[in-house]
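Structure file query_19.txt (compact mmCIF, C-alpha atoms and all ligand atoms) is printed below.
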# COMPACT_ATOMS: atom_id res chain seq x y z
CA MET A 13 0.00 0.00 0.00
CA LYS A 14 1.22 3.51 -0.77
CA ILE A 15 2.31 5.69 2.13
CA GLU A 16 -0.50 8.26 1.58
CA SER A 17 -3.09 5.53 2.21
CA ARG A 18 -1.27 4.16 5.25
CA LEU A 19 -1.06 7.65 6.75
CA ALA A 20 -4.74 8.42 6.24
CA GLN A 21 -5.75 5.08 7.81
CA ILE A 22 -3.62 5.22 10.99
CA GLY A 23 -5.70 3.78 13.83
CA SER A 24 -8.80 3.41 11.66
CA VAL A 25 -9.00 -0.37 11.74
CA SER A 26 -7.42 -1.10 15.13
CA GLU A 27 -10.34 -0.73 17.54
CA PRO A 28 -12.07 -4.13 17.60
CA VAL A 29 -14.89 -3.50 20.09
CA THR A 30 -16.81 -0.55 18.59
CA GLY A 31 -15.15 -0.22 15.19
CA ALA A 32 -14.44 3.46 15.88
CA VAL A 33 -12.78 4.98 12.82
CA SER A 34 -10.66 7.24 15.02
CA PHE A 35 -8.76 5.19 17.55
CA PRO A 36 -9.90 6.07 21.11
CA VAL A 37 -7.81 7.75 23.77
CA TYR A 38 -7.29 5.11 26.44
CA GLN A 39 -6.81 7.34 29.45
CA ALA A 40 -5.76 4.50 31.76
CA THR A 41 -2.49 3.74 33.51
CA ALA A 42 -3.39 0.29 34.88
CA PHE A 43 -4.99 -2.73 33.20
CA ARG A 44 -6.74 -5.64 34.91
CA HIS A 45 -5.08 -9.03 34.72
CA PRO A 46 -7.58 -11.79 33.79
CA ARG A 47 -5.91 -14.08 36.34
CA LEU A 48 -2.53 -14.85 37.87
CA GLY A 49 0.10 -15.22 35.19
CA GLU A 50 -2.14 -13.74 32.48
CA SER A 51 -2.18 -10.30 30.86
CA THR A 52 -4.23 -8.58 28.15
CA GLY A 53 -0.88 -7.45 26.76
CA PHE A 54 -1.21 -4.23 28.73
CA ASP A 55 -0.12 -4.00 32.38
CA TYR A 56 1.04 -0.49 33.18
CA SER A 57 1.00 2.39 30.72
CA ARG A 58 4.67 3.41 30.97
CA THR A 59 5.54 0.02 29.50
CA LYS A 60 2.73 -0.16 26.96
CA SER A 61 -0.45 1.81 26.41
CA PRO A 62 -3.15 1.11 23.78
CA THR A 63 -3.35 4.54 22.09
CA ARG A 64 0.42 4.94 22.12
CA LYS A 65 0.88 1.44 20.71
CA VAL A 66 -1.19 2.19 17.60
CA LEU A 67 0.98 5.24 16.99
CA GLU A 68 4.19 3.31 17.65
CA ASP A 69 3.28 0.45 15.32
CA ALA A 70 2.34 2.95 12.59
CA SER A 71 5.66 4.82 13.02
CA ALA A 72 7.69 1.63 12.73
CA GLN A 73 5.85 0.73 9.54
CA LEU A 74 6.14 4.22 8.02
CA GLU A 75 9.91 4.28 8.61
CA SER A 76 10.40 0.65 7.47
CA GLY A 77 11.70 -0.30 10.92
CA ASP A 78 10.87 -3.10 13.36
CA ALA A 79 9.75 -1.14 16.43
CA GLY A 80 8.54 2.36 17.25
CA PHE A 81 8.72 4.26 20.55
CA ALA A 82 6.75 7.42 21.27
CA CYS A 83 8.41 9.84 23.66
CA SER A 84 7.34 12.99 25.46
CA SER A 85 9.50 15.18 23.17
CA GLY A 86 12.19 14.96 20.53
CA MET A 87 14.78 15.59 23.24
CA ALA A 88 13.32 12.75 25.35
CA ALA A 89 13.68 10.48 22.30
CA LEU A 90 17.32 11.55 21.85
CA GLN A 91 18.07 11.06 25.53
CA THR A 92 16.55 7.57 25.39
CA ILE A 93 18.76 6.75 22.39
CA PHE A 94 21.87 8.21 24.05
CA ALA A 95 21.24 5.91 27.03
CA LEU A 96 22.51 3.12 24.75
CA PHE A 97 25.94 4.62 25.47
CA GLY A 98 27.96 4.98 28.65
CA GLN A 99 31.24 5.83 30.29
CA GLY A 100 34.05 6.09 27.72
CA ASP A 101 31.86 5.86 24.61
CA HIS A 102 32.36 8.30 21.74
CA LEU A 103 29.99 9.52 19.01
CA ILE A 104 30.57 11.17 15.63
CA VAL A 105 27.96 13.84 15.03
CA SER A 106 26.85 16.28 12.28
CA LEU A 107 28.56 19.64 12.66
CA ASP A 108 25.47 21.77 11.91
CA LEU A 109 23.42 20.18 14.68
CA TYR A 110 20.10 21.04 16.31
CA GLY A 111 21.05 23.25 19.29
CA GLY A 112 19.20 21.14 21.86
CA THR A 113 20.97 17.95 20.76
CA TYR A 114 24.32 19.69 21.08
CA ARG A 115 23.37 20.90 24.57
CA LEU A 116 22.25 17.41 25.63
CA LEU A 117 25.55 15.91 24.44
CA GLU A 118 27.88 18.61 25.76
CA GLN A 119 26.21 19.53 29.05
CA ILE A 120 24.54 16.29 30.13
CA MET A 121 25.87 13.19 28.33
CA SER A 122 29.43 14.48 28.87
CA ARG A 123 28.84 14.12 32.63
CA PHE A 124 28.09 10.43 32.03
CA GLY A 125 31.38 10.02 30.19
CA VAL A 126 29.95 10.07 26.63
CA SER A 127 31.93 12.32 24.29
CA ALA A 128 31.16 13.58 20.79
CA SER A 129 33.14 14.93 17.83
CA TYR A 130 31.45 17.27 15.36
CA VAL A 131 32.26 16.93 11.69
CA ASP A 132 30.96 17.46 8.17
CA THR A 133 29.36 14.03 7.74
CA ASN A 134 30.04 14.04 3.98
CA ASP A 135 33.76 14.01 4.71
CA ILE A 136 34.41 10.29 5.15
CA ASP A 137 38.17 10.88 5.57
CA ALA A 138 37.55 13.29 8.42
CA MET A 139 35.16 10.80 10.02
CA SER A 140 37.67 7.97 9.67
CA SER A 141 40.35 10.03 11.36
CA LEU A 142 37.98 10.77 14.25
CA CYS A 143 36.97 7.14 14.64
CA ARG A 144 38.52 5.47 17.71
CA PRO A 145 38.16 2.03 19.25
CA ASN A 146 35.56 3.49 21.65
CA THR A 147 33.47 5.13 18.90
CA LYS A 148 29.99 3.61 18.95
CA ALA A 149 27.75 5.53 16.56
CA VAL A 150 27.30 8.25 13.95
CA LEU A 151 24.44 10.71 14.40
CA ILE A 152 23.38 12.66 11.34
CA GLU A 153 20.80 15.25 10.53
CA THR A 154 19.99 15.63 6.85
CA PRO A 155 19.04 18.27 5.91
CA THR A 156 20.63 20.10 8.81
CA ASN A 157 18.96 23.04 10.39
CA PRO A 158 19.34 25.93 9.66
CA LEU A 159 21.88 25.57 6.83
CA MET A 160 20.20 22.65 5.09
CA MET A 161 23.39 20.69 4.51
CA ILE A 162 22.75 17.26 3.02
CA THR A 163 24.49 14.02 3.99
CA ASP A 164 24.53 10.92 1.81
CA ILE A 165 22.80 8.48 4.20
CA GLU A 166 23.62 5.35 2.19
CA ARG A 167 27.32 6.23 2.02
CA VAL A 168 27.63 7.13 5.71
CA SER A 169 25.73 4.08 6.94
CA ALA A 170 27.84 1.76 4.75
CA TRP A 171 30.98 3.35 6.19
CA ALA A 172 29.57 3.10 9.74
CA LYS A 173 28.73 -0.57 9.23
CA SER A 174 32.29 -1.28 8.05
CA LYS A 175 33.57 0.25 11.32
CA GLY A 176 30.99 -1.53 13.49
CA LEU A 177 29.15 1.70 14.36
CA LEU A 178 25.42 2.34 14.59
CA THR A 179 23.92 4.95 12.27
CA ILE A 180 21.32 7.23 13.84
CA VAL A 181 19.42 9.66 11.60
CA ASP A 182 17.35 12.59 12.82
CA ASN A 183 14.64 12.59 10.13
CA THR A 184 12.60 15.47 11.58
CA LEU A 185 12.88 17.75 8.57
CA LEU A 186 11.84 15.32 5.83
CA THR A 187 9.57 12.79 7.59
CA PRO A 188 9.07 9.21 6.29
CA TYR A 189 6.81 10.59 3.57
CA LEU A 190 9.87 12.04 1.83
CA GLN A 191 12.88 10.11 3.21
CA ARG A 192 13.27 6.71 4.88
CA PRO A 193 16.80 6.38 6.33
CA ILE A 194 16.38 2.73 7.44
CA GLU A 195 15.85 1.74 3.78
CA LEU A 196 19.20 3.45 3.10
CA GLY A 197 21.03 1.49 5.82
CA ALA A 198 20.42 3.41 9.06
CA ASP A 199 19.78 1.52 12.32
CA ILE A 200 17.82 4.13 14.26
CA VAL A 201 15.59 7.00 13.13
CA VAL A 202 14.64 9.76 15.54
CA HIS A 203 12.04 12.51 15.17
CA SER A 204 10.96 15.60 16.88
CA ALA A 205 7.33 14.74 16.10
CA THR A 206 6.54 18.23 17.41
CA LYS A 207 7.42 19.45 13.93
CA TYR A 208 6.01 18.04 10.66
CA LEU A 209 4.59 14.77 12.02
CA GLY A 210 2.27 16.55 14.47
CA GLY A 211 2.22 19.45 12.05
CA HIS A 212 -0.04 21.93 13.83
CA ASN A 213 2.23 23.59 16.41
CA ASP A 214 0.11 22.04 19.17
CA VAL A 215 1.72 18.83 20.41
CA LEU A 216 5.20 18.16 21.81
CA ALA A 217 6.38 14.63 20.98
CA GLY A 218 9.29 12.49 19.88
CA LEU A 219 9.59 9.19 18.04
CA ILE A 220 12.26 6.53 17.78
CA VAL A 221 12.21 3.75 15.18
CA THR A 222 14.71 0.90 15.35
CA LYS A 223 15.80 -1.79 12.91
CA GLY A 224 16.67 -5.29 14.12
CA LYS A 225 15.45 -7.37 17.05
CA GLU A 226 18.40 -6.86 19.39
CA LEU A 227 18.37 -3.07 19.03
CA SER A 228 14.56 -2.95 19.28
CA ASP A 229 14.63 -4.98 22.51
CA LYS A 230 17.32 -2.73 23.98
CA MET A 231 15.33 0.37 23.07
CA ALA A 232 12.12 -1.06 24.57
CA PHE A 233 14.03 -1.64 27.81
CA LEU A 234 15.39 1.94 27.83
CA HIS A 235 12.05 3.49 26.83
CA ASN A 236 10.30 1.76 29.74
CA SER A 237 13.16 2.24 32.22
CA ILE A 238 13.68 5.95 31.52
CA GLY A 239 9.95 6.58 31.24
CA ALA A 240 9.96 9.68 29.01
CA VAL A 241 6.93 8.25 27.19
CA LEU A 242 4.12 10.02 25.33
CA GLY A 243 0.72 10.30 27.01
CA PRO A 244 -2.49 8.93 25.42
CA GLN A 245 -3.99 12.32 24.52
CA ASP A 246 -0.80 13.49 22.80
CA SER A 247 -0.45 10.12 21.06
CA TRP A 248 -3.94 10.64 19.64
CA LEU A 249 -3.13 14.21 18.56
CA LEU A 250 -0.02 12.99 16.80
CA MET A 251 -2.00 10.30 14.91
CA ARG A 252 -4.55 12.94 13.96
CA GLY A 253 -1.72 15.07 12.55
CA LEU A 254 -0.10 12.16 10.71
CA LYS A 255 -3.28 11.45 8.74
CA THR A 256 -2.69 14.61 6.65
CA LEU A 257 1.12 14.44 6.52
CA ALA A 258 1.31 13.77 2.78
CA LEU A 259 -1.00 16.66 1.86
CA ARG A 260 0.79 19.02 4.18
CA MET A 261 4.30 18.11 3.01
CA ASP A 262 3.26 18.55 -0.63
CA ARG A 263 1.97 22.03 0.11
CA HIS A 264 4.91 22.94 2.40
CA GLN A 265 7.44 22.15 -0.30
CA GLU A 266 5.45 23.81 -3.06
CA ASN A 267 5.21 27.01 -1.01
CA ALA A 268 8.82 26.83 0.18
CA THR A 269 10.09 26.43 -3.39
CA ARG A 270 8.13 29.49 -4.52
CA LEU A 271 9.24 31.58 -1.56
CA ALA A 272 12.89 30.48 -1.84
CA ASN A 273 12.99 31.44 -5.53
CA TRP A 274 11.30 34.76 -4.80
CA LEU A 275 13.82 35.59 -2.05
CA LEU A 276 16.76 34.53 -4.22
CA GLU A 277 15.77 37.26 -6.70
CA HIS A 278 15.36 39.94 -4.02
CA GLU A 279 17.96 42.72 -3.90
CA ALA A 280 18.27 42.57 -0.08
CA VAL A 281 19.06 38.84 -0.04
CA GLU A 282 22.58 37.47 -0.44
CA ASP A 283 21.74 33.76 -0.64
CA VAL A 284 19.04 31.19 0.03
CA TYR A 285 19.84 27.77 1.52
CA TYR A 286 17.30 25.28 0.22
CA PRO A 287 18.17 21.90 -1.31
CA ALA A 288 15.44 22.24 -3.95
CA LEU A 289 17.44 25.07 -5.55
CA PRO A 290 19.80 23.75 -8.25
CA HIS A 291 22.78 25.76 -6.90
CA HIS A 292 22.51 24.10 -3.47
CA PRO A 293 25.57 21.87 -2.91
CA GLY A 294 23.40 18.98 -1.65
CA HIS A 295 20.83 19.21 -4.47
CA ASP A 296 21.81 15.98 -6.28
CA ILE A 297 22.19 13.78 -3.18
CA GLN A 298 18.91 15.10 -1.84
CA ASN A 299 17.14 14.26 -5.11
CA ARG A 300 18.59 10.77 -5.05
CA GLN A 301 17.81 9.79 -1.47
CA SER A 302 14.51 11.60 -0.90
CA SER A 303 11.33 11.96 -2.89
CA GLY A 304 10.97 15.67 -2.15
CA ASN A 305 12.01 18.66 -0.09
CA THR A 306 11.21 19.95 3.35
CA GLY A 307 9.25 23.15 3.96
CA ILE A 308 11.96 25.09 5.75
CA PHE A 309 14.93 27.01 4.43
CA SER A 310 17.25 29.78 5.55
CA PHE A 311 18.31 32.96 3.81
CA ARG A 312 21.14 35.37 4.40
CA LEU A 313 20.52 39.08 4.13
CA LYS A 314 23.14 41.43 2.73
CA ASP A 315 22.71 43.80 5.67
CA ALA A 316 22.34 42.62 9.30
CA ARG A 317 20.43 45.81 10.10
CA TYR A 318 17.45 44.41 8.16
CA VAL A 319 16.90 41.57 10.64
CA GLU A 320 15.22 43.52 13.44
CA PRO A 321 12.74 45.47 11.26
CA ILE A 322 11.82 42.36 9.23
CA LEU A 323 10.96 40.43 12.39
CA ARG A 324 8.95 43.43 13.66
CA HIS A 325 7.02 43.97 10.42
CA ILE A 326 6.04 40.44 9.38
CA GLN A 327 2.36 39.97 10.16
CA LEU A 328 1.00 36.79 8.59
CA ILE A 329 4.34 35.07 9.23
CA ALA A 330 4.89 34.80 12.98
CA PHE A 331 8.22 35.58 14.60
CA ALA A 332 8.46 32.35 16.60
CA GLU A 333 10.72 29.35 17.14
CA SER A 334 9.86 25.84 16.00
CA LEU A 335 9.10 24.62 12.51
CA GLY A 336 6.95 22.19 10.58
CA GLY A 337 3.48 23.48 11.46
CA VAL A 338 0.73 24.67 9.14
CA GLU A 339 1.41 28.26 10.23
CA SER A 340 4.45 30.04 8.80
CA LEU A 341 7.11 30.90 11.38
CA MET A 342 10.34 32.83 11.08
CA THR A 343 13.21 32.70 13.52
CA TYR A 344 16.69 34.14 14.05
CA PRO A 345 18.93 31.11 14.73
CA ALA A 346 22.00 32.98 16.01
CA VAL A 347 20.17 34.28 19.09
CA GLN A 348 17.41 31.66 19.44
CA THR A 349 17.55 28.02 18.42
CA HIS A 350 21.36 28.00 18.20
CA ALA A 351 22.23 30.20 21.18
CA ASP A 352 23.72 27.22 23.04
CA ILE A 353 26.17 26.42 20.26
CA PRO A 354 29.53 28.14 20.78
CA GLU A 355 30.18 31.09 18.46
CA GLU A 356 33.21 29.35 16.93
CA ILE A 357 31.14 26.35 15.74
CA ARG A 358 28.28 28.63 14.69
CA ARG A 359 30.62 30.66 12.47
CA GLN A 360 32.17 27.51 11.04
CA VAL A 361 28.76 26.30 9.85
CA GLY A 362 27.57 29.77 8.85
CA VAL A 363 24.94 30.63 11.47
CA ASP A 364 25.71 34.35 11.60
CA ASP A 365 23.84 37.56 12.41
CA ARG A 366 22.45 37.91 8.86
CA LEU A 367 20.77 34.50 8.71
CA LEU A 368 17.01 34.02 9.09
CA ARG A 369 15.20 30.69 9.09
CA PHE A 370 11.79 30.39 7.52
CA SER A 371 9.39 27.52 8.22
CA VAL A 372 6.96 27.96 5.37
CA GLY A 373 3.39 27.03 6.26
CA ILE A 374 0.46 25.98 4.11
CA GLU A 375 -1.05 29.45 3.64
CA HIS A 376 -1.39 30.74 0.06
CA ALA A 377 2.06 31.53 -1.32
CA ASP A 378 0.83 34.89 -2.70
CA ASP A 379 -0.05 36.05 0.80
CA LEU A 380 3.31 34.93 2.19
CA ILE A 381 5.14 36.77 -0.59
CA ALA A 382 3.10 39.91 0.03
CA ASP A 383 3.90 39.77 3.74
CA LEU A 384 7.62 39.34 3.15
CA ALA A 385 7.63 42.04 0.49
CA GLN A 386 6.12 44.63 2.82
CA ALA A 387 8.48 43.64 5.68
CA LEU A 388 11.54 43.91 3.43
CA GLU A 389 10.27 47.26 2.10
CA ALA A 390 9.81 48.56 5.66
CA ALA A 391 13.31 47.36 6.59
CA LYS A 392 14.76 49.16 3.57
CA ARG A 393 12.92 52.38 4.47
CA GLU A 394 13.94 52.32 8.13
CA THR A 395 17.56 51.39 7.42
CA GLY A 396 17.76 54.17 4.82
CA GLU A 397 16.35 56.69 7.26
CA ALA A 398 18.82 55.63 9.95
CA GLN A 399 21.80 56.51 7.78
C1 LIG B 401 12.98 20.38 17.46
C2 LIG B 401 14.04 19.42 17.12
C3 LIG B 401 14.51 18.50 18.07
C4 LIG B 401 14.00 18.50 19.50
O1 LIG B 401 12.68 18.11 19.57
P1 LIG B 401 11.62 18.60 20.69
O2 LIG B 401 10.36 17.98 20.27
O3 LIG B 401 11.62 20.11 20.64
O4 LIG B 401 12.12 18.13 21.99
C5 LIG B 401 15.46 17.58 17.67
N1 LIG B 401 15.95 17.57 16.41
C6 LIG B 401 15.52 18.45 15.47
C7 LIG B 401 16.09 18.38 14.10
C8 LIG B 401 14.56 19.39 15.79
O5 LIG B 401 14.14 20.27 14.87
The structure in this file should be written as structure tokens.
Amino acid sequence: MKIESRLAQIGSVSEPVTGAVSFPVYQATAFRHPRLGESTGFDYSRTKSPTRKVLEDASAQLESGDAGFACSSGMAALQTIFALFGQGDHLIVSLDLYGGTYRLLEQIMSRFGVSASYVDTNDIDAMSSLCRPNTKAVLIETPTNPLMMITDIERVSAWAKSKGLLTIVDNTLLTPYLQRPIELGADIVVHSATKYLGGHNDVLAGLIVTKGKELSDKMAFLHNSIGAVLGPQDSWLLMRGLKTLALRMDRHQENATRLANWLLEHEAVEDVYYPALPHHPGHDIQNRQSSGNTGIFSFRLKDARYVEPILRHIQLIAFAESLGGVESLMTYPAVQTHADIPEEIRRQVGVDDRLLRFSVGIEHADDLIADLAQALEAAKRETGEAQ
């Protein structure tokens, strides 16, 4: 069955008693045992809960994995994955990394003796030289955020396999509708489901999908032992969001492509970072390993003085963090999402004071262009007056 059909039908055929087309929210933490030594399959909801299970099984299937785990946030999912590692272990990680993941590694996992090296994950030589006997895994984001750098998942996971390392892919920006890392050789996929999977800027959630029985069993143990699991109501909201994922992603990328091309032509804009644009360095790899593009991109202004007035004048587009929802949001990575990344690394990857990130929603592209046009015009006027 095609992925669009599987998405629309999540939970629709799983409720055997009433036949409810929308799977119910089982707001229960405890489940009666029929008798000693017997279980309905559900005992206590941290371990397994009916609404969450439908979501988890659907996620595993969508990502072509063997098991899915719903967590209370993307960070909770990453922490659960990082608990696979311990004292003395080392990870190789994408240089242009989500700020919260960097903070978790550098300020928390480091205290448990887990270290990380940050590298351009297309540079296999650089990765090989960083690889030590205690290196356990490679963690990649592709595209990265905010600079939209692309990593060849198949190439990296083949290299990782040859070194005995696990490959973990943060697939938040593309979702399984557009990219399925496990089919390309990855062992673990992680999502901030808060973003495109939920899709409405209204539910905080994370997902883990694992490939292979041993890894899936280990993750089930960690998921239950750590307990950062997703509640039934939020599991339901996430399934509700997933049903329209295909439609939303189609519209997100259509809008983002129009907006990116419009900005690229604008006199105030130096460059636009979006893999759908032919001049993007990751364009070809992205086209090969994914069936489409995400709905976010970044652009660099020629003049840093434009940033403040643009963020003050946008009206339809909200000045807010996060990404992946139906509403358009714009953010300033250097002082917001990436504030915890040291300036040296930020400069190295290009997150500077002229860079804005745009999560393009599903509004009409004409209205988004009109909003940006008036904000850029106001910025030009005010900057001119200030001189
Ligand atoms: C938002 C985000 C996270 C963290 O997820 P939360 O749901 O906010 O905890 C991790 N990785 C990426 C790529 C993200 O965009």
Would you work out the distance separating atom C8 of ligand LIG 401 (chain B) from CA of Ala95 (chain A), expressed in Å to one decimal? 18.8 Å
Chain A near ligand LIG 401 (chain B) within 7 Å: what's each residue's closest atom pair and its distance in Å to one decimal, counting all atoms listed in the file, ordered by chain then ascending residue number, as CSV?
residue,atom,partner,partner_atom,distance
A:Ser85,CA,B:LIG401,O4,4.1
A:Gly86,CA,B:LIG401,O1,3.3
A:Met87,CA,B:LIG401,O4,3.9
A:Ala88,CA,B:LIG401,O4,6.5
A:Tyr110,CA,B:LIG401,C7,5.3
A:Gly112,CA,B:LIG401,C4,6.3
A:Thr113,CA,B:LIG401,C5,6.3
A:Glu153,CA,B:LIG401,C7,6.7
A:Asn157,CA,B:LIG401,C7,6.6
A:Asp182,CA,B:LIG401,C7,6.1
A:Thr184,CA,B:LIG401,C7,5.2
A:Leu185,CA,B:LIG401,C7,6.4
A:His203,CA,B:LIG401,N1,6.5
A:Ser204,CA,B:LIG401,O1,4.1
A:Ala205,CA,B:LIG401,O2,6.1
A:Thr206,CA,B:LIG401,O2,4.8
A:Lys207,CA,B:LIG401,C1,6.7
A:Leu216,CA,B:LIG401,O2,5.4
A:Ala217,CA,B:LIG401,O2,5.3
A:Gly218,CA,B:LIG401,O2,5.6
A:Ser334,CA,B:LIG401,C1,6.5
Between CA of Ala232 (chain A) and CA of Lys65 (chain A), distance in Å (one decimal): 12.1 Å
If you measure from CA of Glu226 (chain A) to CA of Ile165 (chain A), what distance in Å do you get, rounded to one decimal?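 Atom-to-atom, CA of Glu226 (chain A) to CA of Ile165 (chain A), that is 22.0 Å.
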Which residues of region 56-172 of chain A come within 8 Å of region 357-373 of chain A, and for each one, what is the closest pair of atoms and their distance in Å to one decimal, counting only C-alpha atoms, sorted by chain and residue number, as a Markdown table?
| residue | atom | partner | partner_atom | distance |
| --- | --- | --- | --- | --- |
| A:Leu107 | CA | A:Val361 | CA | 7.2 |
| A:Asp108 | CA | A:Val361 | CA | 6.0 |
| A:Pro158 | CA | A:Arg369 | CA | 6.3 |
| A:Leu159 | CA | A:Gly362 | CA | 7.4 |
Only C-alpha atoms, please: the residues just picked out, written as a compact mmCIF listing (two decimals), keeping the file's coordinate frame.
# COMPACT_ATOMS: atom_id res chain seq x y z
CA LEU A 107 28.56 19.64 12.66
CA ASP A 108 25.47 21.77 11.91
CA PRO A 158 19.34 25.93 9.66
CA LEU A 159 21.88 25.57 6.83
Nearby residues (all atoms listed in the file) at most 12 Å from Phe331 (chain A), same-chain spacing under 4 positions excluded, as number ranges by chain: A: 319-327, 335, 339-345, 348, 368-371
Which of A:Ala268, A:Ala398, A:Ala170, A:Val215 sits closest to His376 (chain A) [using only C-alpha atoms]: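 Once distances to His376 (chain A) are computed over only C-alpha atoms, the minimum belongs to A:Ala268.
The smallest atom-to-atom distance between His295 (chain A) and any of A:Met161, A:Ile308, A:Ala20, A:Ile238, using only C-alpha atoms, is found for A:Met161.
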Give me the residues near Ile152 (chain A) as JSON, numbers by chain, where near means some atom within 8 Å (using only C-alpha atoms) and where sequence neighbours in that chain fewer than 6 positions away do not count. {"A": [105, 106, 133, 163, 179, 180, 181, 182]}
For a cut-off of 12 Å around (1.4, 19.9, 1.1), file coordinates, pick out all residues using only C-alpha atoms and list them as a ChimeraX atom specification. /A:16,189-190,208,211,256-269,304-307,336-338,372-377
Tell me, as a PyMOL selection string, which residues lie within 6 Å of region 47-64 of chain A, counting only C-alpha atoms; anything in the same chain fewer than 4 positions away does not count. chain A and resi 37-38+41-43+236+244+247
Taking (28.3, 5.8, 8.8) as a centre in this file's frame and 6 Å as the limit, can you find every polymer residue with an atom that close, using only C-alpha atoms, and give them as JSON, numbers by chain? {"A": [150, 168, 169, 170, 171, 172, 179]}
Which one of A:Ala89, A:Cys143, A:Ile200, A:Ala128 sits closest to Leu103 (chain A) if you count all atoms listed in the file?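 Of A:Ala89, A:Cys143, A:Ile200, A:Ala128, the one nearest Leu103 (chain A), counting all atoms listed in the file, is A:Ala128.
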Looking at A:Leu209, A:Ala382, A:Phe94, A:Pro36, which one is nearest to Pro188 (chain A), with distances taken over all atoms listed in the file? A:Leu209
Of the candidates A:Asp164, A:Asp132, A:Asp383, A:Asp378, which one gets nearest to Asp296 (chain A) if we count only C-alpha atoms? A:Asp164
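Remark: for His278 (chain A), the closest of the candidate residues A:Ala346, A:Ala351, A:Ala385, A:Leu178 is A:Ala385 (distances computed over all atoms listed in the file).
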So that I can check the surroundings of Ala272 (chain A), please list as a VMD selection string every protein, DNA and RNA residue that reaches within 9 Å of it, counting all atoms listed in the file and ignoring chain neighbours fewer than 2 positions away. chain A and resid 267 to 270 274 to 277 284 to 286 288 to 289 309 to 311
Next, dump the selected residues to file, keeping only C-alpha atoms, as an mmCIF file, in the frame of the given file.
data_model
loop_
_atom_site.group_PDB
_atom_site.id
_atom_site.type_symbol
_atom_site.label_atom_id
_atom_site.label_comp_id
_atom_site.auth_asym_id
_atom_site.auth_seq_id
_atom_site.Cartn_x
_atom_site.Cartn_y
_atom_site.Cartn_z
ATOM 1 C CA ASN A 267 5.210 27.010 -1.010
ATOM 2 C CA ALA A 268 8.820 26.830 0.180
ATOM 3 C CA THR A 269 10.090 26.430 -3.390
ATOM 4 C CA ARG A 270 8.130 29.490 -4.520
ATOM 5 C CA TRP A 274 11.300 34.760 -4.800
ATOM 6 C CA LEU A 275 13.820 35.590 -2.050
ATOM 7 C CA LEU A 276 16.760 34.530 -4.220
ATOM 8 C CA GLU A 277 15.770 37.260 -6.700
ATOM 9 C CA VAL A 284 19.040 31.190 0.030
ATOM 10 C CA TYR A 285 19.840 27.770 1.520
ATOM 11 C CA TYR A 286 17.300 25.280 0.220
ATOM 12 C CA ALA A 288 15.440 22.240 -3.950
ATOM 13 C CA LEU A 289 17.440 25.070 -5.550
ATOM 14 C CA PHE A 309 14.930 27.010 4.430
ATOM 15 C CA SER A 310 17.250 29.780 5.550
ATOM 16 C CA PHE A 311 18.310 32.960 3.810
#
